[in-house]
file upload09.pdb (PDB, C-alpha atoms)
ATOM      1  CA  MET A   1     103.963 131.112 107.840
ATOM      2  CA  ARG A   2     103.965 128.799 110.862
ATOM      3  CA  TYR A   3     101.621 126.427 109.103
ATOM      4  CA  ALA A   4     103.061 126.818 105.635
ATOM      5  CA  ILE A   5     105.736 124.120 105.946
ATOM      6  CA  PRO A   6     103.494 121.368 107.357
ATOM      7  CA  LEU A   7     100.891 122.318 104.777
ATOM      8  CA  ILE A   8     103.399 122.021 101.951
ATOM      9  CA  ILE A   9     104.602 118.641 103.242
ATOM     10  CA  PHE A  10     101.014 117.491 103.542
ATOM     11  CA  LEU A  11     100.252 118.582  99.970
ATOM     12  CA  ILE A  12     103.324 116.784  98.624
ATOM     13  CA  ILE A  13     102.346 113.529 100.371
ATOM     14  CA  ALA A  14      98.693 113.876  99.355
ATOM     15  CA  GLY A  15      99.692 114.585  95.762
ATOM     16  CA  PHE A  16     101.955 111.552  95.664
ATOM     17  CA  LEU A  17      99.271 109.276  97.090
ATOM     18  CA  ALA A  18      96.642 110.685  94.717
ATOM     19  CA  SER A  19      98.891 110.148  91.697
ATOM     20  CA  ARG A  20      99.304 106.499  92.664
ATOM     21  CA  LEU A  21      95.598 105.969  93.270
ATOM     22  CA  ARG A  22      94.520 107.548  90.025
ATOM     23  CA  GLY A  23      96.019 107.299  86.580
ATOM     24  CA  GLY A  24      95.713 103.517  86.441
ATOM     25  CA  TYR A  25      98.917 102.822  88.311
ATOM     26  CA  ASP A  26      99.190  99.081  88.865
ATOM     27  CA  PRO A  27     101.990  97.856  91.125
ATOM     28  CA  HIS A  28     101.649  94.395  89.629
ATOM     29  CA  ILE A  29     103.027  95.593  86.317
ATOM     30  CA  ILE A  30     106.717  95.044  86.635
ATOM     31  CA  PRO A  31     108.632  96.475  83.707
ATOM     32  CA  SER A  32     110.135  93.620  81.753
ATOM     33  CA  VAL A  33     113.907  93.475  81.579
ATOM     34  CA  LEU A  34     113.661  91.415  78.407
ATOM     35  CA  ILE A  35     112.558  94.216  76.098
ATOM     36  CA  ASN A  36     114.997  94.447  73.183
ATOM     37  CA  LYS A  37     116.625  91.206  74.244
ATOM     38  CA  PRO A  38     116.466  87.968  72.273
ATOM     39  CA  ALA A  39     113.397  85.913  73.102
ATOM     40  CA  PRO A  40     114.617  82.935  75.153
ATOM     41  CA  GLU A  41     114.877  79.800  73.073
ATOM     42  CA  PHE A  42     112.936  76.706  74.005
ATOM     43  CA  GLN A  43     111.612  73.570  72.486
ATOM     44  CA  LEU A  44     108.289  72.328  73.752
ATOM     45  CA  PRO A  45     105.628  69.933  72.527
ATOM     46  CA  GLU A  46     102.641  71.476  70.853
ATOM     47  CA  LEU A  47      99.338  71.428  72.663
ATOM     48  CA  ARG A  48      97.364  69.750  69.897
ATOM     49  CA  ASN A  49     100.053  67.450  68.532
ATOM     50  CA  PRO A  50     102.301  66.460  71.420
ATOM     51  CA  GLU A  51     104.609  64.595  69.073
ATOM     52  CA  ARG A  52     105.424  67.834  67.286
ATOM     53  CA  THR A  53     107.613  70.392  68.948
ATOM     54  CA  PHE A  54     107.666  74.123  68.603
ATOM     55  CA  SER A  55     110.570  76.498  68.969
ATOM     56  CA  PRO A  56     110.678  80.278  68.470
ATOM     57  CA  LYS A  57     113.492  79.654  65.983
ATOM     58  CA  GLN A  58     110.896  78.408  63.512
ATOM     59  CA  LEU A  59     109.424  81.895  63.326
ATOM     60  CA  ARG A  60     112.543  83.792  62.298
ATOM     61  CA  GLY A  61     111.575  86.330  59.674
ATOM     62  CA  LYS A  62     108.106  86.760  61.135
ATOM     63  CA  VAL A  63     106.621  89.267  63.529
ATOM     64  CA  TRP A  64     104.446  87.431  66.008
ATOM     65  CA  LEU A  65     102.767  87.526  69.390
ATOM     66  CA  LEU A  66     103.410  85.058  72.169
ATOM     67  CA  ASN A  67     100.381  84.972  74.434
ATOM     68  CA  VAL A  68     100.750  83.349  77.849
ATOM     69  CA  TRP A  69      97.496  81.820  78.981
ATOM     70  CA  GLY A  70      95.921  78.901  80.778
ATOM     71  CA  SER A  71      92.487  77.353  80.990
ATOM     72  CA  TRP A  72      92.558  78.076  84.748
ATOM     73  CA  CYS A  73      93.040  81.794  84.172
ATOM     74  CA  PHE A  74      89.856  83.803  84.270
ATOM     75  CA  ALA A  75      91.336  86.968  82.772
ATOM     76  CA  CYS A  76      92.524  84.901  79.793
ATOM     77  CA  ARG A  77      88.963  83.748  79.244
ATOM     78  CA  GLU A  78      87.899  87.367  79.198
ATOM     79  CA  GLU A  79      90.643  88.197  76.758
ATOM     80  CA  HIS A  80      89.843  85.291  74.477
ATOM     81  CA  PRO A  81      87.167  86.858  72.210
ATOM     82  CA  PHE A  82      89.508  89.719  71.420
ATOM     83  CA  LEU A  83      92.306  87.299  70.500
ATOM     84  CA  ILE A  84      89.904  85.683  68.064
ATOM     85  CA  GLU A  85      89.206  89.091  66.594
ATOM     86  CA  ILE A  86      92.932  89.730  66.130
ATOM     87  CA  ALA A  87      93.381  86.323  64.516
ATOM     88  CA  LYS A  88      90.504  87.010  62.130
ATOM     89  CA  SER A  89      91.925  90.392  61.177
ATOM     90  CA  GLY A  90      95.176  88.697  60.195
ATOM     91  CA  ALA A  91      97.181  91.631  61.550
ATOM     92  CA  VAL A  92      99.668  89.492  63.430
ATOM     93  CA  PRO A  93      99.815  85.761  64.183
ATOM     94  CA  ILE A  94      99.296  84.721  67.801
ATOM     95  CA  TYR A  95     101.161  81.789  69.265
ATOM     96  CA  GLY A  96     100.073  80.524  72.634
ATOM     97  CA  LEU A  97     102.107  79.441  75.622
ATOM     98  CA  ASP A  98      99.749  77.264  77.602
ATOM     99  CA  TRP A  99     101.143  77.799  81.070
ATOM    100  CA  LYS A 100     100.888  75.248  83.892
ATOM    101  CA  ASP A 101      97.806  73.700  82.452
ATOM    102  CA  LYS A 102      96.275  70.302  81.875
ATOM    103  CA  ARG A 103      96.215  69.343  78.239
ATOM    104  CA  ASP A 104      92.584  68.217  78.284
ATOM    105  CA  ASP A 105      91.423  71.365  80.052
ATOM    106  CA  ALA A 106      93.248  73.583  77.566
ATOM    107  CA  LEU A 107      91.844  71.737  74.563
ATOM    108  CA  ALA A 108      88.339  71.870  76.024
ATOM    109  CA  THR A 109      88.667  75.630  76.491
ATOM    110  CA  LEU A 110      89.756  76.099  72.883
ATOM    111  CA  ASP A 111      86.893  73.908  71.669
ATOM    112  CA  GLU A 112      84.442  75.922  73.686
ATOM    113  CA  LEU A 113      85.676  79.444  72.955
ATOM    114  CA  GLY A 114      87.354  79.027  69.583
ATOM    115  CA  ASP A 115      91.042  78.843  68.762
ATOM    116  CA  PRO A 116      92.814  82.071  67.840
ATOM    117  CA  TYR A 117      96.269  80.523  68.005
ATOM    118  CA  ALA A 118      98.426  79.662  65.023
ATOM    119  CA  ALA A 119      99.956  77.092  67.362
ATOM    120  CA  ASN A 120     100.124  76.474  71.060
ATOM    121  CA  VAL A 121     102.979  75.158  73.105
ATOM    122  CA  PHE A 122     102.418  73.266  76.279
ATOM    123  CA  ASP A 123     104.480  74.470  79.242
ATOM    124  CA  ALA A 124     103.253  72.103  81.923
ATOM    125  CA  ASP A 125     105.875  72.824  84.573
ATOM    126  CA  GLY A 126     106.210  76.559  83.885
ATOM    127  CA  ARG A 127     109.911  76.317  83.119
ATOM    128  CA  VAL A 128     109.717  78.362  79.909
ATOM    129  CA  ALA A 129     107.518  80.957  81.599
ATOM    130  CA  ILE A 130     110.325  81.551  84.114
ATOM    131  CA  ASP A 131     112.737  82.188  81.238
ATOM    132  CA  TYR A 132     110.339  84.777  79.889
ATOM    133  CA  GLY A 133     109.886  86.445  83.272
ATOM    134  CA  VAL A 134     106.180  85.731  83.318
ATOM    135  CA  THR A 135     104.548  86.973  86.510
ATOM    136  CA  GLY A 136     100.946  86.127  85.722
ATOM    137  CA  ALA A 137      98.547  85.374  82.930
ATOM    138  CA  PRO A 138      97.658  86.721  80.506
ATOM    139  CA  GLU A 139     100.855  88.296  79.281
ATOM    140  CA  THR A 140     101.768  88.916  75.672
ATOM    141  CA  TYR A 141     105.139  89.382  74.031
ATOM    142  CA  LEU A 142     105.714  90.960  70.647
ATOM    143  CA  ILE A 143     108.659  89.312  68.927
ATOM    144  CA  ASP A 144     110.296  90.659  65.799
ATOM    145  CA  LYS A 145     111.806  89.042  62.705
ATOM    146  CA  ASN A 146     115.151  88.543  64.410
ATOM    147  CA  GLY A 147     113.612  86.874  67.408
ATOM    148  CA  VAL A 148     113.955  89.916  69.656
ATOM    149  CA  ILE A 149     111.265  90.828  72.188
ATOM    150  CA  ARG A 150     110.073  94.330  71.349
ATOM    151  CA  TYR A 151     107.124  94.782  73.650
ATOM    152  CA  LYS A 152     105.377  93.122  76.552
ATOM    153  CA  GLU A 153     101.821  93.633  77.647
ATOM    154  CA  VAL A 154     101.133  92.549  81.226
ATOM    155  CA  GLY A 155      97.467  91.753  81.442
ATOM    156  CA  GLN A 156      94.882  91.464  78.732
ATOM    157  CA  LEU A 157      95.221  92.648  75.190
ATOM    158  CA  THR A 158      92.515  95.227  74.602
ATOM    159  CA  PRO A 159      91.400  97.199  71.551
ATOM    160  CA  GLU A 160      93.145 100.200  73.168
ATOM    161  CA  ASN A 161      96.612  98.780  73.790
ATOM    162  CA  MET A 162      96.429  96.921  70.488
ATOM    163  CA  ARG A 163      95.620 100.106  68.554
ATOM    164  CA  ASP A 164      97.966 102.409  70.460
ATOM    165  CA  LYS A 165     100.980 100.231  71.047
ATOM    166  CA  ILE A 166     101.111  96.860  69.412
ATOM    167  CA  LEU A 167      99.738  97.429  65.912
ATOM    168  CA  PRO A 168     101.923 100.499  65.217
ATOM    169  CA  LEU A 169     104.947  98.479  66.317
ATOM    170  CA  VAL A 170     103.912  95.499  64.191
ATOM    171  CA  LYS A 171     103.612  97.779  61.195
ATOM    172  CA  GLU A 172     107.037  99.248  61.792
ATOM    173  CA  LEU A 173     108.669  95.867  62.369
ATOM    174  CA  ASN A 174     107.118  94.404  59.244
ATOM    175  CA  LYS A 175     108.644  97.086  57.040
TER
ATOM    176  CA  MET B 176      87.004  76.308 130.618
ATOM    177  CA  LYS B 177      89.479  73.588 129.798
ATOM    178  CA  GLN B 178      87.554  72.748 126.656
ATOM    179  CA  LEU B 179      87.503  76.362 125.628
ATOM    180  CA  MET B 180      91.256  76.575 126.037
ATOM    181  CA  LEU B 181      91.714  73.422 124.032
ATOM    182  CA  MET B 182      89.553  74.807 121.261
ATOM    183  CA  LEU B 183      91.541  78.031 121.264
ATOM    184  CA  VAL B 184      94.770  76.111 121.002
ATOM    185  CA  ILE B 185      93.424  74.090 118.097
ATOM    186  CA  LEU B 186      92.118  77.179 116.353
ATOM    187  CA  CYS B 187      95.415  78.982 116.745
ATOM    188  CA  SER B 188      97.453  76.099 115.478
ATOM    189  CA  LEU B 189      95.221  75.487 112.465
ATOM    190  CA  PRO B 190      96.613  78.133 110.121
ATOM    191  CA  LEU B 191     100.102  77.170 111.171
ATOM    192  CA  SER B 192      99.617  73.526 110.332
ATOM    193  CA  THR B 193      98.251  74.336 106.877
ATOM    194  CA  LEU B 194     101.171  76.671 106.367
ATOM    195  CA  ALA B 195     103.594  73.924 107.215
ATOM    196  CA  LYS B 196     101.891  71.693 104.695
ATOM    197  CA  GLU B 197     102.181  74.267 101.906
ATOM    198  CA  ALA B 198     105.797  74.978 102.580
ATOM    199  CA  LYS B 199     106.791  71.346 102.913
ATOM    200  CA  SER B 200     110.166  70.520 101.540
ATOM    201  CA  ILE B 201     110.214  68.785  98.229
ATOM    202  CA  SER B 202     113.725  67.494  98.404
ATOM    203  CA  ASP B 203     114.696  65.124 101.209
ATOM    204  CA  ASP B 204     118.013  66.833 101.759
ATOM    205  CA  PRO B 205     117.481  69.181 104.713
ATOM    206  CA  GLU B 206     120.744  71.031 104.090
ATOM    207  CA  LEU B 207     119.701  71.865 100.523
ATOM    208  CA  GLU B 208     116.225  72.803 101.690
ATOM    209  CA  LYS B 209     117.739  75.157 104.240
ATOM    210  CA  ARG B 210     119.764  76.824 101.511
ATOM    211  CA  VAL B 211     116.738  77.120  99.227
ATOM    212  CA  MET B 212     114.702  78.741 101.990
ATOM    213  CA  ALA B 213     117.521  81.068 103.041
ATOM    214  CA  LEU B 214     117.881  82.375  99.496
ATOM    215  CA  SER B 215     114.107  82.542  99.009
ATOM    216  CA  GLU B 216     113.894  84.805 102.046
ATOM    217  CA  GLU B 217     115.911  87.392 100.111
ATOM    218  CA  LEU B 218     113.653  87.281  97.096
ATOM    219  CA  ARG B 219     110.292  88.858  96.447
ATOM    220  CA  CYS B 220     107.309  86.898  95.289
ATOM    221  CA  LEU B 221     106.151  88.502  92.051
ATOM    222  CA  VAL B 222     102.509  87.660  92.598
ATOM    223  CA  CYS B 223     101.971  88.784  96.183
ATOM    224  CA  GLN B 224     104.584  91.453  96.236
ATOM    225  CA  ASN B 225     104.839  91.960  99.966
ATOM    226  CA  GLU B 226     105.778  88.366 100.580
ATOM    227  CA  THR B 227     109.086  86.675 100.179
ATOM    228  CA  LEU B 228     109.511  83.808  97.806
ATOM    229  CA  ALA B 229     109.944  81.612 100.871
ATOM    230  CA  GLY B 230     106.693  82.667 102.494
ATOM    231  CA  SER B 231     104.430  82.798  99.474
ATOM    232  CA  HIS B 232     101.887  80.170  98.565
ATOM    233  CA  ALA B 233     101.549  81.416  95.003
ATOM    234  CA  ASP B 234     102.072  78.875  92.267
ATOM    235  CA  LEU B 235     104.768  80.938  90.657
ATOM    236  CA  ALA B 236     106.656  81.164  93.943
ATOM    237  CA  ALA B 237     106.592  77.385  94.239
ATOM    238  CA  ASP B 238     107.889  77.112  90.669
ATOM    239  CA  LEU B 239     110.677  79.559  91.388
ATOM    240  CA  ARG B 240     111.634  77.744  94.580
ATOM    241  CA  GLN B 241     111.775  74.554  92.535
ATOM    242  CA  GLU B 242     113.966  76.296  89.992
ATOM    243  CA  ILE B 243     116.288  77.485  92.763
ATOM    244  CA  ARG B 244     116.361  73.979  94.230
ATOM    245  CA  GLN B 245     117.334  72.447  90.913
ATOM    246  CA  GLN B 246     120.021  75.004  90.215
ATOM    247  CA  MET B 247     121.479  74.440  93.672
ATOM    248  CA  LYS B 248     121.476  70.710  93.027
ATOM    249  CA  ALA B 249     123.330  71.437  89.802
ATOM    250  CA  GLY B 250     125.994  73.147  91.888
ATOM    251  CA  LYS B 251     125.237  76.797  91.135
ATOM    252  CA  THR B 252     126.187  79.376  93.725
ATOM    253  CA  ASP B 253     123.633  81.702  95.304
ATOM    254  CA  LYS B 254     125.131  84.552  93.325
ATOM    255  CA  GLU B 255     124.667  82.756  90.019
ATOM    256  CA  ILE B 256     121.076  81.921  90.867
ATOM    257  CA  VAL B 257     120.291  85.515  91.814
ATOM    258  CA  ALA B 258     121.834  86.652  88.518
ATOM    259  CA  PHE B 259     119.675  84.117  86.683
ATOM    260  CA  LEU B 260     116.538  85.480  88.323
ATOM    261  CA  THR B 261     117.320  89.170  87.865
ATOM    262  CA  GLU B 262     118.031  88.549  84.188
ATOM    263  CA  ARG B 263     114.414  87.470  83.894
ATOM    264  CA  TYR B 264     112.521  89.443  86.503
ATOM    265  CA  GLY B 265     114.736  92.474  87.057
ATOM    266  CA  ASP B 266     115.942  93.964  90.329
ATOM    267  CA  PHE B 267     112.352  93.940  91.445
ATOM    268  CA  ILE B 268     112.728  90.375  92.661
ATOM    269  CA  LEU B 269     115.454  91.404  95.099
ATOM    270  CA  TYR B 270     114.518  92.531  98.579
ATOM    271  CA  ASN B 271     118.020  93.901  98.772
ATOM    272  CA  PRO B 272     118.400  95.740  95.464
ATOM    273  CA  PRO B 273     121.825  96.975  94.316
ATOM    274  CA  VAL B 274     122.673 100.641  94.684
ATOM    275  CA  SER B 275     122.173 102.239  91.274
ATOM    276  CA  ARG B 276     120.865 105.497  89.949
ATOM    277  CA  ARG B 277     117.363 104.070  89.981
ATOM    278  CA  THR B 278     117.564 103.059  93.616
ATOM    279  CA  TYR B 279     119.380 106.080  95.066
ATOM    280  CA  LEU B 280     116.141 107.435  96.472
ATOM    281  CA  LEU B 281     115.304 104.055  97.966
ATOM    282  CA  TRP B 282     118.684 103.677  99.622
ATOM    283  CA  PHE B 283     119.397 107.246 100.657
ATOM    284  CA  GLY B 284     115.879 108.667 101.015
ATOM    285  CA  PRO B 285     115.546 107.537 104.640
ATOM    286  CA  PHE B 286     118.853 109.198 105.538
ATOM    287  CA  ILE B 287     117.763 112.413 103.838
ATOM    288  CA  LEU B 288     114.553 112.308 105.866
ATOM    289  CA  LEU B 289     116.525 111.598 109.035
ATOM    290  CA  GLY B 290     118.851 114.511 108.275
ATOM    291  CA  GLY B 291     115.880 116.799 107.666
ATOM    292  CA  GLY B 292     114.304 115.677 110.912
ATOM    293  CA  LEU B 293     117.499 116.235 112.884
ATOM    294  CA  PHE B 294     117.906 119.677 111.347
ATOM    295  CA  ALA B 295     114.326 120.631 112.229
ATOM    296  CA  PHE B 296     114.837 119.292 115.757
ATOM    297  CA  TYR B 297     118.069 121.241 116.156
ATOM    298  CA  ARG B 298     116.406 124.445 115.030
ATOM    299  CA  TYR B 299     113.468 123.901 117.353
ATOM    300  CA  ILE B 300     115.733 123.306 120.334
ATOM    301  CA  ARG B 301     117.760 126.395 119.559
ATOM    302  CA  ARG B 302     114.734 128.604 119.225
ATOM    303  CA  ARG B 303     113.328 127.250 122.465
ATOM    304  CA  ARG B 304     116.550 127.916 124.261
ATOM    305  CA  GLU B 305     116.541 131.490 123.020
ATOM    306  CA  LEU B 306     112.989 131.970 124.253
ATOM    307  CA  ILE B 307     113.677 130.747 127.764
ATOM    308  CA  SER B 308     117.192 132.080 128.062
ATOM    309  CA  GLU B 309     118.009 133.797 131.313
ATOM    310  CA  GLN B 310     117.711 137.531 131.214
ATOM    311  CA  PRO B 311     119.031 139.627 134.070
ATOM    312  CA  LEU B 312     116.294 141.305 136.071
ATOM    313  CA  SER B 313     115.891 144.994 135.776
ATOM    314  CA  ALA B 314     116.127 147.066 138.967
ATOM    315  CA  ALA B 315     112.346 147.457 139.207
ATOM    316  CA  GLU B 316     111.796 143.710 138.745
ATOM    317  CA  ARG B 317     114.360 142.891 141.402
ATOM    318  CA  LYS B 318     112.672 145.208 143.842
ATOM    319  CA  ARG B 319     109.302 143.625 143.216
ATOM    320  CA  ALA B 320     110.718 140.154 143.613
ATOM    321  CA  GLU B 321     112.277 141.074 146.945
ATOM    322  CA  GLU B 322     108.979 142.501 148.106
ATOM    323  CA  LEU B 323     107.187 139.337 147.188
ATOM    324  CA  LEU B 324     109.722 137.226 149.026
ATOM    325  CA  ARG B 325     109.441 139.365 152.167
ATOM    326  CA  THR B 326     105.679 138.984 152.496
ATOM    327  CA  ASN B 327     104.426 136.267 154.802
ATOM    328  CA  PRO B 328     103.512 133.275 152.656
ATOM    329  CA  GLU B 329     100.424 132.629 154.797
ATOM    330  CA  LYS B 330      99.081 136.071 154.209
ATOM    331  CA  GLU B 331      99.801 136.009 150.584
ATOM    332  CA  PRO B 332      96.676 136.560 148.530
ATOM    333  CA  ALA B 333      95.753 133.566 146.473
TER
END

call {"tool": "encode", "arguments": {"input": "upload09.pdb", "output": "structure tokens"}}
result
Amino acid sequence: MRYAIPLIIFLIIAGFLASRLRGGYDPHIIPSVLINKPAPEFQLPELRNPERTFSPKQLRGKVWLLNVWGSWCFACREEHPFLIEIAKSGAVPIYGLDWKDKRDDALATLDELGDPYAANVFDADGRVAIDYGVTGAPETYLIDKNGVIRYKEVGQLTPENMRDKILPLVKELNK
Amino acid sequence: MKQLMLMLVILCSLPLSTLAKEAKSISDDPELEKRVMALSEELRCLVCQNETLAGSHADLAADLRQEIRQQMKAGKTDKEIVAFLTERYGDFILYNPPVSRRTYLLWFGPFILLGGGLFAFYRYIRRRRELISEQPLSAAERKRAEELLRTNPEKEPA
């Protein structure tokens, strides 16, 4: 009995620490406060045709993904082949937000790895990324027909999170 | 020896000088810069989460400081700027989060622990006091004590 209380306290602390170490808990994933809020409006030049601008308004009535990336971002490079796969499948269009990048570097990356994006916007100073609460790249937003953010994936899109979370939502939102 | 000291001084000041370079003020208005830094001290860098926005070298932190700087230039109050940031990044960005149902444990947890500790301490003290409380000697004990006191201390067996 004398040792029961310290033992119980120890087990509680150990259990808490173990739960945080296992189970894929990542303190860098900060839940987005923008879920179910309108996607912030912006108007930015496109990456390929700087004289043309892009605004989320143009995509009203469509379900689409906004993928934050940059040629400097290694994880985005890793994610890239899977984005191409998604684009090929035609499940949902991907628009890119090229974040704090150099135009030439971004274009070179797309030439090298292929271009999965329906269009890319060029956010050189990261101002739009702040509006979207971007904390790192890659991050992907799922935006519905009314321009409302319905989901955010912090980190890479993978066959798993695509199958389990994004595609079911896309299907539902396209109804 | 002198050279060694000099080298030590240089070595110690090196990281500091690079730090100063990174955190150099972008605007030439020292008053504004002071305000930017004061507010940034209250905000968490979202990339290196144990650093403040003021102390972080992360790109995003620099962008956010720039955003704060511009909003201050535009005449926004600190409160408005904090609201702007929490609308985008959530309470997570605040080192001083508001008291809400989600943060009750954060705010009151330490006091609960303190209360538990004080209670345990109180109980321990009480039990100890009971254990060493004075009990009157029985007649036999008193007699033995008197005998012991009467014996010559020098002859007392060790």

call {"tool": "closest_residue", "arguments": {"input": "upload09.pdb", "among": "A:Asn67, A:Thr158, A:Ser19, A:Thr109", "to": "Tyr95 of chain A", "atoms": "only C-alpha atoms"}}
result
A:Asn67

call {"tool": "interface_residues", "arguments": {"input": "upload09.pdb", "of": "chain A", "to": "chain B", "cutoff": "12 Å", "atoms": "all atoms listed in the file", "output": "JSON list (two decimals) with C-alpha atoms, keeping the file's coordinate frame"}}
result
[["chain", "number", "residue", "atom", "x", "y", "z"],
["A", 5, "ILE", "CA", 105.74, 124.12, 105.95],
["A", 6, "PRO", "CA", 103.49, 121.37, 107.36],
["A", 26, "ASP", "CA", 99.19, 99.08, 88.86],
["A", 27, "PRO", "CA", 101.99, 97.86, 91.12],
["A", 28, "HIS", "CA", 101.65, 94.40, 89.63],
["A", 29, "ILE", "CA", 103.03, 95.59, 86.32],
["A", 30, "ILE", "CA", 106.72, 95.04, 86.64],
["A", 31, "PRO", "CA", 108.63, 96.48, 83.71],
["A", 32, "SER", "CA", 110.14, 93.62, 81.75],
["A", 33, "VAL", "CA", 113.91, 93.48, 81.58],
["A", 34, "LEU", "CA", 113.66, 91.42, 78.41],
["A", 35, "ILE", "CA", 112.56, 94.22, 76.10],
["A", 37, "LYS", "CA", 116.62, 91.21, 74.24],
["A", 38, "PRO", "CA", 116.47, 87.97, 72.27],
["A", 39, "ALA", "CA", 113.40, 85.91, 73.10],
["A", 40, "PRO", "CA", 114.62, 82.94, 75.15],
["A", 99, "TRP", "CA", 101.14, 77.80, 81.07],
["A", 100, "LYS", "CA", 100.89, 75.25, 83.89],
["A", 101, "ASP", "CA", 97.81, 73.70, 82.45],
["A", 124, "ALA", "CA", 103.25, 72.10, 81.92],
["A", 125, "ASP", "CA", 105.88, 72.82, 84.57],
["A", 126, "GLY", "CA", 106.21, 76.56, 83.88],
["A", 127, "ARG", "CA", 109.91, 76.32, 83.12],
["A", 128, "VAL", "CA", 109.72, 78.36, 79.91],
["A", 129, "ALA", "CA", 107.52, 80.96, 81.60],
["A", 130, "ILE", "CA", 110.32, 81.55, 84.11],
["A", 131, "ASP", "CA", 112.74, 82.19, 81.24],
["A", 132, "TYR", "CA", 110.34, 84.78, 79.89],
["A", 133, "GLY", "CA", 109.89, 86.44, 83.27],
["A", 134, "VAL", "CA", 106.18, 85.73, 83.32],
["A", 135, "THR", "CA", 104.55, 86.97, 86.51],
["A", 136, "GLY", "CA", 100.95, 86.13, 85.72],
["A", 137, "ALA", "CA", 98.55, 85.37, 82.93]]

call {"tool": "atom_distance", "arguments": {"input": "upload09.pdb", "atom1": "atom CA of Ile243 of chain B", "atom2": "atom CA of Ile256 of chain B"}}
result
6.8 Å

call {"tool": "atom_distance", "arguments": {"input": "upload09.pdb", "atom1": "atom CA of Ala229 of chain B", "atom2": "atom CA of Arg210 of chain B"}}
result
10.9 Å

call {"tool": "atom_distance", "arguments": {"input": "upload09.pdb", "atom1": "atom CA of Gly290 of chain B", "atom2": "atom CA of Ala4 of chain A"}}
result
20.2 Å

call {"tool": "resolve_selection", "arguments": {"input": "upload09.pdb", "expression": "the PyMOL selection byres ((chain A and resi 173) around 8)", "output": "PyMOL selection string"}}
result
chain A and resi 63+144-145+169-172+174-175

call {"tool": "resolve_selection", "arguments": {"input": "upload09.pdb", "expression": "the PyMOL selection byres ((chain A and resi 138) around 10)", "output": "NGL selection string"}}
result
:A and (67-70 or 73-80 or 97 or 99 or 134-137 or 139-140 or 153-157)

call {"tool": "resolve_selection", "arguments": {"input": "upload09.pdb", "expression": "the PyMOL selection byres ((chain A and resi 56) around 9)", "output": "ChimeraX atom specification"}}
result
/A:39-43,54-55,57-60,147

call {"tool": "write_last_selection", "arguments": {"input": "upload09.pdb", "atoms": "C-alpha atoms", "output": "PDB file, keeping the file's coordinate frame"}}
result
ATOM      1  CA  ALA A  39     113.397  85.913  73.102  1.00  0.00           C
ATOM      2  CA  PRO A  40     114.617  82.935  75.153  1.00  0.00           C
ATOM      3  CA  GLU A  41     114.877  79.800  73.073  1.00  0.00           C
ATOM      4  CA  PHE A  42     112.936  76.706  74.005  1.00  0.00           C
ATOM      5  CA  GLN A  43     111.612  73.570  72.486  1.00  0.00           C
ATOM      6  CA  PHE A  54     107.666  74.123  68.603  1.00  0.00           C
ATOM      7  CA  SER A  55     110.570  76.498  68.969  1.00  0.00           C
ATOM      8  CA  LYS A  57     113.492  79.654  65.983  1.00  0.00           C
ATOM      9  CA  GLN A  58     110.896  78.408  63.512  1.00  0.00           C
ATOM     10  CA  LEU A  59     109.424  81.895  63.326  1.00  0.00           C
ATOM     11  CA  ARG A  60     112.543  83.792  62.298  1.00  0.00           C
ATOM     12  CA  GLY A 147     113.612  86.874  67.408  1.00  0.00           C
TER      13      GLY A 147
END
